[in-house]
Structure formats: C-alpha cells, structure tokens
Amino acid sequence: MTVRKVARLALAALILAVAACAGILYWLSHSGRPVRQGTLGLYELAEPVSVRFDAWAVPHVEARTGRDLAMAIGWLHANERMVQMELGRRAAFGRLAEILGEEAVPLDRRALELRLGASALRMVESLSVEHRGVLEAYALGVNSWLQRRGGDLPPELRALRVTPEPWRVADSLGFLMLLSRDLSYPQVFEESRWQWLSRAGLERLRGLGGSADLALDPLLEAHLREHPAGNPGAGPAAEMPHGGAAAPSREEGASAGASEGRQGSNSWALGSTRTKSEAPLVANDPHLPIGAPSLWYQALLRSPDYEAMGMTLPGLPLVVIGQNAHVAWSFTNTELDTNDLFVEELSPDGNAVRRGERFVPLTRETTTIPVRGGEDVTLELLSSDLGPFFAADPERGLPPRSLAWTAHIPFDPLNAFFGLARARSVAELPQVCEDFLCPVQNLVAADRRGGLLFMLLGRVPERGAGDGRLPLAAWNASNHWRGLRPADQNPRIDAPPDDLLVTANQDIRPPGYALALPAEFDMPFRAQRVRERLLARGAWWPADVADLQGDALSLFARRLLEGLPQQAEGEAGLALKALAVWDCTMDLTGESALFALFERELFAAVYGDELEHFGLRSLPGYSRGEALLAALDGSLAAPWFDDLRTKARVETREEQVEHALTRAWREGHRLFGANLGTWNYGELHSWTARHPLDALPFGERFLNRGPMPVRGSPTTIAAFGGRWRDGRMEVTHGPSMRWVGDCGDPDRSRCVLPLGQSGHPADAHYDDQLPIFLVGKTHDMHWSEASIAKATVSTLILQP
C-alpha cells in the first residue's frame, strides 16, 4: 500500500470519526428539549392554564383551580428538570445503582439504612385530603409530560437508556427526606466523636476547644472497659498510624471538617424603618451543594386559592422560599441536633437488644438493590424500638447502635408551606407552622404592614439524658426520648427593637431563652458581618441588599489574625507583615491567597498528626474555622500542639504557628512568584458546576461548567467552600440561589440562580444566569399583570 493510499484512508477515518462525534453531539443537544411556547394538551386538566415566560425562562403560571395549578407545575418541572427529578427520587428510594451500576451501591445502601423512602411512604398517610390531592395532581402533570414525550427524553436519560416510571405522591415526599438527611446530618457528629473517644480517649477529646464539658454516659464508660476491642486507641501505648481507617493525606487533613456537615446560609429581614420604600425587605441565599443544573426552579404560581412567587424545588408543587402579596419568608438551617445514637447490647444470639433486664427482638426486613451490569445486592435492614439498627462496624470502631431521628415521625409537611403562601401577616405563621417537624429551619419573615418575625420551624427532641453530642446506652430507658417539645416553646422573636433580623446558622437563642437547644451552631462571623453592614446605613433598596449578598470580607479572618504573634523571624515575619496590612477581603488576588495557604498549613501543623496517628479523617464535629480559632485563642489544650510524629521533642503553639506561616509564604512564592499582589486566590479557590452524570461520554464537557474563580470563603457572606485537592480548594458548596423579596411591591423583588432555569445542557437557559451570578448581581422578578406582560417573551397554553 502506498503512502498516498494510507494518507487517504487515515483522512477518511478521521472524517468518519468527526462526523460520528458531530452526530452524537447533535443527538445530545436536540433530544428532550424543553417546550416554552405553543398550545399543548394536558390529560385531566379542567381548564386552560396560561404560562408566560420571561427572558430568563421563568414561568408565570395562571390557573383557574388549585388542582390545575399543581398539574401545570408538575408538567413544567418535568419539562425542565426531569433528569434531576429522576435522580432525586432514585436517591431517596435507594435505586441509583439500578441505572448507574456498582459505584452507586453505597449511596443506595445509605438511603435504605436511613429509611428515607420508607419514611416518605409513611408520610403519604399523614397528608390531609387537600394536600394529597395536590400531590396527586402534580404527579398527573409529570406523567402527562412523560407520556407525551415518549422516547424524546433529555440526553442524559437517553444515554443511560432509562425510561422514567410514572411519578408517585411518595416520590415528591422523598425530596423532603433528602433535605432532612442533608440538613440534619444523621449519625455524622456522634459517630465521629465516638471514634475519637474510643481511639484517643475522653481527655484528649475534651482538650479540643469548647469540649471541656463533654460527658460520657457512665454505663458506656463501663461498656468501653469491658469491650476493649471497641476501644483500641484509648491506651497510652497506641502505635501509629492507627489501624481501621486510612490516614488522611496532608491536604485531606488540612481541609478536614471544612465541607463536612454544616453548610452555611444567610437570611435577614429589614423593617420598614430601614428601607427606602418604607416596606420590609427579606433576603435569602441558602448555601448548599452547587452543581449542574441549578437546584432551584423559579416560578410564579397563581390560582384562586394559591398565589406565591419565588423558588420551587423540582419534585414539589409549591414555592418553598418566596412571597405572596402580603408576606415574604426565608430559611436558613438551624443546625439543631434532631437525631441521637444509642449504643446497643445484643442478646447472645444477636437477634434482640437489651432493655433493662430483658431483651427486645429486633425486626428484620430483607430488600434487594438492583445493580446495573453487576450482581444484585441483598440487604438486611434491622430496627429496634428506637429506630434503624446498625450492626457493629469494627473497621470504623463503631459499636452496635440504633438511630432516633425526628425525620422518621410521619407528619404533613405541606401544611406549613401552604400556610406561608396563604398568610396575610407574620402573626399567622406560628400557628400554620406548628406541626412541621423536619428539617428544622430558621424562619425569617416580614409582612407589608411592617411586621417582622423569627421563629424556629420544626420540633426539638425532649431527651431523657445527655445533650446529643455523644451516644447513650440504649438499655437504660431513662436515656430514651420523651417525645417532642411543644412548638410554642421554640425560640422566637417578634418585632425586634432595631427593626432587623439576621440568621446565618449561628446560635439563634434570643436573650433569656432558658431551655436547652442542642445544636451544632456555626461561628457567628457571617451574621455579625451582615448586621454590621445593615446597621452602617439606612434606606436600603432591593438591589443594594442583593449586592450585600456578595460581600467577601471575613470577620473570621480578622479574628484569627488577632491571635498571631506580633513579630517573627525570616519568612514567617514577612508573612506576618503582609497579613497585618490586609483588609481581610477574600478577593481573587493578593493577601487572600496567603491567608488561604496559612489556614491550610496551620490546620495541618496542629491537627494533621492526630488525624494520622489515630487513623481518622476529620475532627469530631468541628469546622476547620472553629479548629483554627481554638488553636490561637487559648482554648486548645497544649498536647494538641505537640507533633506526635517527633517523639524526641515537644512542640509549642508558637512553633507551630511560625511553621505554618513559613510554609504558606514558601508555597505562595513557589506558585505565584515574589509579587504578593499577583498571588492568585481565584486559582486556589475555584468552582466547577459538576453534573452528577458527568462520567457519561462527553459528560464533562457537555454537562459541566467551569472551572471558575470565585471570591469569598466559607466564613464570608458570599460563602463558597470545599476541600483541598491537588493543591487547590475545589469549591462544592455556595449560594444555591440569591433572592430579595420586597413586601411593599413584589415587582421590585430580585433573584439569581447559579446557572439557569433549564436542566437541558444544550438549552440557552442552562447557564445564562452564570455571568451575573459570578459578579454578585441579580435580575428582576415580575408579579403584577403589567410587569408580567411587559417581560413576556413566549407563551405556552396547557389545555384539556
């Protein structure tokens, strides 16, 4: 064969490959595209429904009955976010491996062990007749979309060869269980503390800042002594590294706790004396995992018996955060401890657990996890009278234990959300929300007449003993929960004297609140910064409030730097001088990069050796910020500063701080050169909006967006955080949306999503809001007929 023929064949093969790729991309980009104009039939609809879309693809939905409204939003959610909905319901019911294969088995196992789907099914029976009808109508809307589309599904579903099953009422409630899991952290903190307790001992655990009063159930002290296999690291002769868990890498140790558990959110309400319009403003930016597509779906929903505008969650037929004509409402996570672990003592045959002097049988249920491309997994689920039972886990050093969790108590969650949408003043909210259980939230609301309200939405467990930080002995009945505290005993603030309410996951107990409120509250710095900014001026306008949501000055950084020495030698001294003149704004360049590197190095210097020595991957219930503050404010016990890897000497706090400063300065020079002003924090701190299915062919380029440098940190109002990997902090959590509601004129309200309204990666509205989100801007919302009509770019009529 001649060279010319070989070249021709190679060129032909290349052309075929390019054509094949082009064909695949065309198929991906054109399948399952959302419809936003025209006239379409919707089965079982009673009257036509008008849907007018603005330039951001936000639907303004008007229906003549509440049932038709629920069907319409079900259809719209499926039209834009069917992949998100399919993955979500499978996540709740433990069926991801059925379409994703073996890698998803641990996720399914966890969902089934936590009884997320089973709890959603029980919750169906607690719905009122009205609310069950609403969810049934929503399911009809979703299923009408599925039936009409047939095989013309979004590209991710077609690539997986998945045809969604009909939507059920329980599928919608499964999303509430996912929220409860993600915002309640079942088992996370108590299991972490138990691991530290069993491996490092109570005294070392008490040596952490804020843990001096940590107390272990006396029955469990005896239990640990009698079961030394469950207490392998308490003795003084423990060798390193400890067995049972892989020692973390330097970067994993440096970021331990930074993105585990707590996720920040901000909300505040400005009273009429503090706004330019003399009507209250409510702002909210919930900080949650930020991936692709956007978590929320903005909509205005209007019928004779329901009228609200704001953020909906695909899977649920109502506005979760938003406003009506009279009231605006917002949420942040309370961080309340609503779940407890109870260590169990098993009968000799392992089939029962001790209660006093007798044994109570465990109940057993066998279920199967279907696994695509692999063998199905049979899972035995056990339960005690307290809740789900978990067998001993020797690899993690965990004893047999039962979980009590408020999310397992059936209730009607729609009561609160319909009550919010129908309220005419904040005075009505305590009553309409009193039955809500979980996830427990801080509710901040205002009404157009000037009323402001903060209240805890949810219920507090009445514990028999302890404060929820450590497990208790299950065989002592006096340790068990005694029920739930009445809602009217929750923290609450009406008409604050300064006409201002702020929550940012901080301790929300008002002055004089005397009841116990066990929680894993975040540090107060974001809340302090919000209040500082809001009090610094008057006459706020919605756009000004929205700009404040992008504030990147860290009061935490300021507090941490106050604990540094006044002077040091060499490179540590140069780092000190640079940080001394910094204004503590986490900008994309400059000293913010040095500070981020110093945080990482200080954590590694102080805590990395303990994590390695005891074979643990994170601190027990502490964020990285809390751990760093403890290292510099005097609350951390001296043994924590001694490096367990250097047995010949004992390191001090001063030495470790100087060591961290030196390493940070050297690393910055290595990465960015001698000019500190050009050190690139945005390169260290970047966000990629990752799609959960980006492992599909073309997925990373087709589905993901980024990487993008972002300002801020977990401790700023613009709260972006993640974990250090490969020398960079990969941002995974941040504002899942930003919203400002104007109680006087909803047409002045503003919002933005991280990406866009659409879940289709080839649609223009998949990421059209990304540019304004990145610079901290927002767009208009539309409430009145005049504003909607002016903003409409397309109209869709759904008719019977």
# chains A, B, ... in the order shown; residues from 1 in each chain; ligands from 1
call {"tool": "residues_around", "arguments": {"residues": "range 659-663 of chain A", "least_positions_apart": "4", "cutoff": "12 Å", "atoms": "only C-alpha atoms", "output": "VMD selection string"}}
result
chain A and resid 254 561 564 to 565 567 to 579 594 to 607 628 641 643 651 to 655 667 to 670
call {"tool": "residues_around", "arguments": {"residues": "Gly210 in chain A", "least_positions_apart": "4", "cutoff": "9 Å", "atoms": "only C-alpha atoms", "output": "list in words"}}
result
Arg206, Leu214, Ala630, Ser635 and Leu636 of chain A
call {"tool": "write_last_selection", "arguments": {"atoms": "C-alpha atoms", "output": "CSV table (one decimal), in the first residue's frame"}}
result
chain,number,residue,atom,x,y,z
A,206,ARG,CA,-12.1,17.3,76.0
A,214,LEU,CA,-18.1,16.7,77.2
A,630,ALA,CA,-9.2,27.2,69.1
A,635,SER,CA,-8.9,27.2,74.3
A,636,LEU,CA,-7.0,24.3,72.7
call {"tool": "closest_atom_pairs", "arguments": {"of": "range 35-133 of chain A", "to": "range 762-772 of chain A", "cutoff": "10 Å", "atoms": "only C-alpha atoms", "output": "tab-separated table"}}
result
residue	atom	partner	partner_atom	distance
A:Ala55	CA	A:His765	CA	9.1
A:Trp56	CA	A:His765	CA	6.7
A:Ala57	CA	A:His765	CA	6.7
A:Val58	CA	A:His765	CA	9.7
A:Glu80	CA	A:Tyr766	CA	9.5
call {"tool": "residues_around", "arguments": {"residues": "range 301-307 of chain A", "least_positions_apart": "5", "cutoff": "8 Å", "atoms": "only C-alpha atoms", "output": "PyMOL selection string"}}
result
chain A and resi 60-66+69+318-319+324-325+418+421-422
call {"tool": "residues_around", "arguments": {"residues": "Leu403 in chain A", "least_positions_apart": "5", "cutoff": "8 Å", "atoms": "only C-alpha atoms", "output": "list in words"}}
result
Gln187, Asn339, Asp340, Leu341, Phe342, Leu386, Gly387, Pro388 and Phe389 of chain A
call {"tool": "write_last_selection", "arguments": {"atoms": "C-alpha atoms", "output": "mmCIF file, in the first residue's frame"}}
result
data_model
loop_
_atom_site.group_PDB
_atom_site.id
_atom_site.type_symbol
_atom_site.label_atom_id
_atom_site.label_comp_id
_atom_site.auth_asym_id
_atom_site.auth_seq_id
_atom_site.Cartn_x
_atom_site.Cartn_y
_atom_site.Cartn_z
ATOM 1 C CA GLN A 187 -25.117 9.888 62.779
ATOM 2 C CA ASN A 339 -31.039 12.689 65.864
ATOM 3 C CA ASP A 340 -29.315 10.608 68.536
ATOM 4 C CA LEU A 341 -27.352 7.376 68.577
ATOM 5 C CA PHE A 342 -27.924 4.765 71.260
ATOM 6 C CA LEU A 386 -35.751 3.321 68.886
ATOM 7 C CA GLY A 387 -35.304 3.283 65.117
ATOM 8 C CA PRO A 388 -32.961 1.838 62.479
ATOM 9 C CA PHE A 389 -30.367 -0.525 63.918
#
call {"tool": "closest_residue", "arguments": {"among": "A:Leu456, A:Leu796, A:Ala536, A:Ala473", "to": "Leu219 in chain A", "atoms": "only C-alpha atoms"}}
result
A:Ala473
call {"tool": "select_by_dssp", "arguments": {"residues": "range 306-506 of chain A", "states": "strand (DSSP E or B)", "output": "ChimeraX atom specification"}}
result
/A:306-312,319-323,327-333,336,339-343,346,352-355,358-361,363-369,377-383,388-390,393,398,401-405,441-447,452-457,461,472-473,484,492-494,500-503
call {"tool": "residues_around", "arguments": {"residues": "Arg358 in chain A", "least_positions_apart": "6", "cutoff": "12 Å", "atoms": "only C-alpha atoms", "output": "number ranges by chain"}}
result
A: 345-347, 352, 475-477
call {"tool": "closest_residue", "arguments": {"among": "A:Cys433, A:Leu116, A:Leu588, A:Ala445", "to": "Trp329 in chain A", "atoms": "only C-alpha atoms"}}
result
A:Ala445
call {"tool": "residues_around", "arguments": {"residues": "range 711-716 of chain A", "least_positions_apart": "5", "cutoff": "8 Å", "atoms": "only C-alpha atoms", "output": "list in words"}}
result
Gly264, Phe525, Arg526, Arg529, Asp551, Ala552, Leu553, Ser554, Leu555, Phe556, Thr585, Met586, Asp587, Leu588, Gly625, Gly682, His685 and Gly721 of chain A
call {"tool": "write_last_selection", "arguments": {"atoms": "N, CA and C atoms", "output": "PDB file, in the first residue's frame"}}
result
ATOM      1  N   GLY A 264     -23.369  26.660  55.220  1.00  0.00           N
ATOM      2  CA  GLY A 264     -23.847  27.975  55.629  1.00  0.00           C
ATOM      3  C   GLY A 264     -25.011  28.470  54.784  1.00  0.00           C
ATOM      4  N   PHE A 525     -19.577  34.772  62.693  1.00  0.00           N
ATOM      5  CA  PHE A 525     -18.957  35.868  61.942  1.00  0.00           C
ATOM      6  C   PHE A 525     -19.780  36.324  60.740  1.00  0.00           C
ATOM      7  N   ARG A 526     -20.414  35.393  60.018  1.00  0.00           N
ATOM      8  CA  ARG A 526     -21.243  35.836  58.893  1.00  0.00           C
ATOM      9  C   ARG A 526     -22.412  36.681  59.382  1.00  0.00           C
ATOM     10  N   ARG A 529     -21.199  40.091  60.347  1.00  0.00           N
ATOM     11  CA  ARG A 529     -20.887  40.934  59.194  1.00  0.00           C
ATOM     12  C   ARG A 529     -22.160  41.456  58.534  1.00  0.00           C
ATOM     13  N   ASP A 551     -20.855  40.109  49.554  1.00  0.00           N
ATOM     14  CA  ASP A 551     -19.785  40.656  50.391  1.00  0.00           C
ATOM     15  C   ASP A 551     -18.764  39.566  50.723  1.00  0.00           C
ATOM     16  N   ALA A 552     -17.470  39.891  50.559  1.00  0.00           N
ATOM     17  CA  ALA A 552     -16.416  38.882  50.723  1.00  0.00           C
ATOM     18  C   ALA A 552     -15.434  39.231  51.827  1.00  0.00           C
ATOM     19  N   LEU A 553     -15.783  40.150  52.733  1.00  0.00           N
ATOM     20  CA  LEU A 553     -14.896  40.453  53.856  1.00  0.00           C
ATOM     21  C   LEU A 553     -15.135  39.450  54.974  1.00  0.00           C
ATOM     22  N   SER A 554     -14.059  38.890  55.509  1.00  0.00           N
ATOM     23  CA  SER A 554     -14.150  37.833  56.512  1.00  0.00           C
ATOM     24  C   SER A 554     -13.816  38.362  57.902  1.00  0.00           C
ATOM     25  N   LEU A 555     -14.829  38.481  58.758  1.00  0.00           N
ATOM     26  CA  LEU A 555     -14.566  38.821  60.155  1.00  0.00           C
ATOM     27  C   LEU A 555     -13.876  37.666  60.868  1.00  0.00           C
ATOM     28  N   PHE A 556     -14.081  36.467  60.383  1.00  0.00           N
ATOM     29  CA  PHE A 556     -13.341  35.322  60.925  1.00  0.00           C
ATOM     30  C   PHE A 556     -11.842  35.506  60.705  1.00  0.00           C
ATOM     31  N   THR A 585     -10.505  40.983  53.068  1.00  0.00           N
ATOM     32  CA  THR A 585     -11.443  40.680  51.993  1.00  0.00           C
ATOM     33  C   THR A 585     -10.890  39.548  51.146  1.00  0.00           C
ATOM     34  N   MET A 586     -11.697  38.516  50.951  1.00  0.00           N
ATOM     35  CA  MET A 586     -11.252  37.342  50.191  1.00  0.00           C
ATOM     36  C   MET A 586     -11.432  37.605  48.695  1.00  0.00           C
ATOM     37  N   ASP A 587     -10.563  38.505  48.175  1.00  0.00           N
ATOM     38  CA  ASP A 587     -10.575  38.855  46.759  1.00  0.00           C
ATOM     39  C   ASP A 587      -9.856  37.798  45.937  1.00  0.00           C
ATOM     40  N   LEU A 588      -9.932  37.962  44.610  1.00  0.00           N
ATOM     41  CA  LEU A 588      -9.367  36.958  43.718  1.00  0.00           C
ATOM     42  C   LEU A 588      -7.852  36.995  43.664  1.00  0.00           C
ATOM     43  N   GLY A 625     -12.695  26.262  60.537  1.00  0.00           N
ATOM     44  CA  GLY A 625     -12.568  27.571  61.170  1.00  0.00           C
ATOM     45  C   GLY A 625     -12.575  27.493  62.680  1.00  0.00           C
ATOM     46  N   GLY A 682      -8.046  33.177  43.233  1.00  0.00           N
ATOM     47  CA  GLY A 682      -9.030  32.557  42.351  1.00  0.00           C
ATOM     48  C   GLY A 682      -8.549  31.263  41.743  1.00  0.00           C
ATOM     49  N   HIS A 685      -8.975  28.810  44.604  1.00  0.00           N
ATOM     50  CA  HIS A 685     -10.359  28.731  45.102  1.00  0.00           C
ATOM     51  C   HIS A 685     -11.296  28.856  43.902  1.00  0.00           C
ATOM     52  N   GLY A 721     -17.257  27.251  49.690  1.00  0.00           N
ATOM     53  CA  GLY A 721     -16.287  26.394  50.365  1.00  0.00           C
ATOM     54  C   GLY A 721     -16.192  25.027  49.733  1.00  0.00           C
TER      55      GLY A 721
END
call {"tool": "closest_residue", "arguments": {"among": "A:Pro511, A:Gly38, A:Pro692, A:Gly450", "to": "Gly271 in chain A", "atoms": "only C-alpha atoms"}}
result
A:Gly450
call {"tool": "residues_around", "arguments": {"residues": "Trp540 in chain A", "least_positions_apart": "6", "cutoff": "9 Å", "atoms": "only C-alpha atoms", "output": "list in words"}}
result
Leu270, Arg274, Thr275, Lys276, Ser277, Leu281 and Leu534 of chain A
call {"tool": "closest_residue", "arguments": {"among": "A:Gln37, A:Leu453, A:Glu113, A:Glu344", "to": "Glu380 in chain A", "atoms": "only C-alpha atoms"}}
result
A:Glu113
call {"tool": "select_by_dssp", "arguments": {"residues": "range 649-756 of chain A", "states": "helix (DSSP H, G or I)", "output": "PyMOL selection string"}}
result
chain A and resi 653-672+676-678+681-684+699-703+746-748
call {"tool": "closest_residue", "arguments": {"among": "A:Phe53, A:Phe436, A:Trp194, A:Phe175", "to": "Ser787 in chain A", "atoms": "only C-alpha atoms"}}
result
A:Phe53
call {"tool": "atom_distance", "arguments": {"atom1": "CA of Trp679 in chain A", "atom2": "CA of Glu658 in chain A"}}
result
20.7 Å
call {"tool": "atom_distance", "arguments": {"atom1": "CA of Ala519 in chain A", "atom2": "CA of Leu121 in chain A"}}
result
28.3 Å
